[in-house]
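Student: First the structure, then my questions, so here it is.
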Amino acid sequence: MAKILLVEDDHNLAFLLKMQLEHERHLVDEVHCGIDALGNLKDHAYDLVIMDWMLPDVSGVDVIRKFRNIGGRTPILMLTAKGAPEDMATGLDSGADDYLVKPFHPTELGARVRALIRRPAAFAGKVIQIQDIELDTVNFRVVRQEKEIELTSKEFALLELLMRHPNQSFSLEQILDRLWQSDSSASIDTVRTHMKTLRKKIGDNEENAIIRTKRGMGYRIMEQPTRSADVEE
């Protein structure tokens, strides 16, 4: 699951693309102009940007250049009807990571999205394992101590986020921003509730702890077992 910013001024195409991406369990924020795209990129963290070239205000190429000039490193897939070699060169030179010419097949889009959001080599496989928890990102299964654990889609996404970044702390605000859409009515309390139920389902307690909290830092999964628990929020 990835958080994706979709920038496409054709509302019908944007609707279809968003449906496809959400079917593949991604979270999608949809905007239709360059100014809104820059605003979202400033305020939110994304795993991928899908950027149309021809926008009604600022072109996709200019949005990418502005984003890269301020240090933005999020992978960007450019969509455009411009298929000439010189156009492709312009798009890639502006800072796009990949270039897809319209019209395209949904299967190709899905493959390119997966390639761009692929994690580092240590996590490239479909199964991530931290301590005694195994998380299958393809079949959406979680197993701990040989027992399968039933999670909701949001609990699964929360556990996946932590397991893809072992020992890295995520604040409540960061989790809210990454796992809920920007226009969602979800709140910090929503994150706390999901974290509480996730911990209960995976049997996370002081004797068998894997998710830790530290006041002022947030939640993290420990790659290696530790003897004492951190301070709980």
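Residues are referred to by chain and number: the chain letter is A, B, ... according to the order shown in the structure tokens, the number counts from 1 in that chain, and ligands are numbered separately from 1 in the order shown.
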Got a sec: who's within 12 Å of Ile175 (chain A), counting only C-alpha atoms, leaving out chain neighbours fewer than 3 positions off, as number ranges by chain?

Tutor: A: 3, 44-46, 154-155, 157-162, 169-172, 178-182, 186-192, 194-195, 218-220

Student: Convert the current residue selection to file output with C-alpha atoms, as a short mmCIF file (atom, residue, chain, number, x, y, z; two decimals), in the first residue's frame.

Tutor:
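This is the output file selection-v1.cif:
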```cif
data_model
loop_
_atom_site.label_atom_id
_atom_site.label_comp_id
_atom_site.auth_asym_id
_atom_site.auth_seq_id
_atom_site.Cartn_x
_atom_site.Cartn_y
_atom_site.Cartn_z
CA LYS A 3 0.06 6.97 -0.56
CA HIS A 44 1.79 15.93 2.81
CA ALA A 45 4.26 13.07 2.38
CA TYR A 46 3.64 10.78 -0.60
CA LYS A 154 -6.22 0.07 7.98
CA GLU A 155 -4.61 -2.04 10.74
CA ALA A 157 -1.51 -0.63 6.51
CA LEU A 158 -0.40 0.63 9.91
CA LEU A 159 1.58 -2.52 10.65
CA GLU A 160 3.09 -2.47 7.14
CA LEU A 161 4.24 1.12 7.57
CA LEU A 162 6.06 0.29 10.80
CA SER A 169 9.60 6.43 14.98
CA PHE A 170 6.40 7.81 13.49
CA SER A 171 4.38 10.41 15.36
CA LEU A 172 0.60 10.27 15.49
CA ARG A 178 0.40 8.83 5.52
CA LEU A 179 -2.46 6.41 6.08
CA TRP A 180 -5.54 8.58 5.82
CA GLN A 181 -6.47 10.76 2.87
CA SER A 182 -5.91 14.48 3.31
CA ALA A 186 -9.95 10.95 10.78
CA SER A 187 -8.15 12.42 13.78
CA ILE A 188 -5.26 11.72 16.13
CA ASP A 189 -7.71 9.73 18.28
CA THR A 190 -8.48 7.58 15.23
CA VAL A 191 -4.80 6.67 14.98
CA ARG A 192 -4.62 5.89 18.69
CA HIS A 194 -6.27 1.71 15.48
CA MET A 195 -2.90 1.34 17.18
CA GLY A 218 6.02 8.28 18.42
CA TYR A 219 5.61 4.62 17.54
CA ARG A 220 8.20 2.25 16.15
#
```

Student: Give me, as a count of residues only, the residues of region 3-203 of chain A that a backbone DSSP run labels strand (DSSP E or B).

Tutor: 40

Student: Report, in Å with one decimal, the straight-line distance from CA of Leu135 (chain A) to CA of Thr152 (chain A).

Tutor: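 Between CA of Leu135 (chain A) and CA of Thr152 (chain A) the gap is 13.4 Å.
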
Student: Between CA of Leu6 (chain A) and CA of Ile64 (chain A), measure the distance and give it in Å to one decimal.

Tutor: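 Between these atoms lies a distance of 13.1 Å.
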
Student: Kindly give the distance, in Å, that separates CA of Asp57 (chain A) and CA of Val7 (chain A), rounded to a single decimal.

Tutor: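 The value is 12.2 Å.
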
Student: Just asking: which residues within chain A are alpha helix (DSSP H) according to DSSP, as an MDAnalysis selection string?

Tutor: chainID A and resid 11:23 34:43 60:69 85:93 106:116 153:164 172:179 188:201

Student: Find the residues near region 28-39 of chain A: any atom within 9 Å, counting only C-alpha atoms, skip ones fewer than 5 places away on the same chain, and give them as a VMD selection string.

Tutor: chain A and resid 2 to 11 14 to 15 18 21 to 22 44 51 55 to 60 62 to 64 66 to 67 181 to 183

Student: Excluding Ile76 (chain A) and residues on its chain fewer than 5 positions from it, collect all residues at most 10 Å away from it, counting only C-alpha atoms, and give them as a PyMOL selection string.

Tutor: chain A and resi 4-5+47-51+64+92+95-99+113+116-117

Student: Restricted to C-alpha atoms, what would the selected residues look like written as a CSV table (one decimal), in the first residue's frame?

Tutor:
```
chain,number,residue,atom,x,y,z
A,4,ILE,CA,-0.2,8.5,-4.0
A,5,LEU,CA,-0.9,12.0,-5.3
A,47,ASP,CA,5.2,7.5,-1.8
A,48,LEU,CA,4.5,8.4,-5.4
A,49,VAL,CA,3.2,11.2,-7.6
A,50,ILE,CA,1.4,10.5,-10.9
A,51,MET,CA,1.6,13.8,-12.9
A,64,ILE,CA,8.1,18.7,-11.2
A,92,LEU,CA,12.6,13.0,-17.7
A,95,GLY,CA,12.9,15.4,-12.8
A,96,ALA,CA,10.3,12.7,-13.6
A,97,ASP,CA,11.4,9.1,-12.9
A,98,ASP,CA,9.2,7.5,-15.5
A,99,TYR,CA,7.1,8.5,-18.5
A,113,VAL,CA,3.5,2.2,-10.1
A,116,LEU,CA,8.5,3.1,-8.6
A,117,ILE,CA,7.3,2.4,-5.1
```

Student: Go through A:Arg65, A:Lys201, A:Lys82, A:Lys196 one by one, measure the shortest atom-to-atom distance of each to Asp52 (chain A) using only C-alpha atoms, and give the residue with the smallest value.

Tutor: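 Among the listed residues, A:Lys82 lies closest to Asp52 (chain A).
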
Student: Determine the nearest neighbour of Thr197 (chain A) from the options A:Glu108, A:Leu41, A:Asp136, A:Phe156, counting only C-alpha atoms.

Tutor: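 Ranking A:Glu108, A:Leu41, A:Asp136, A:Phe156 by distance to Thr197 (chain A), first place goes to A:Phe156.
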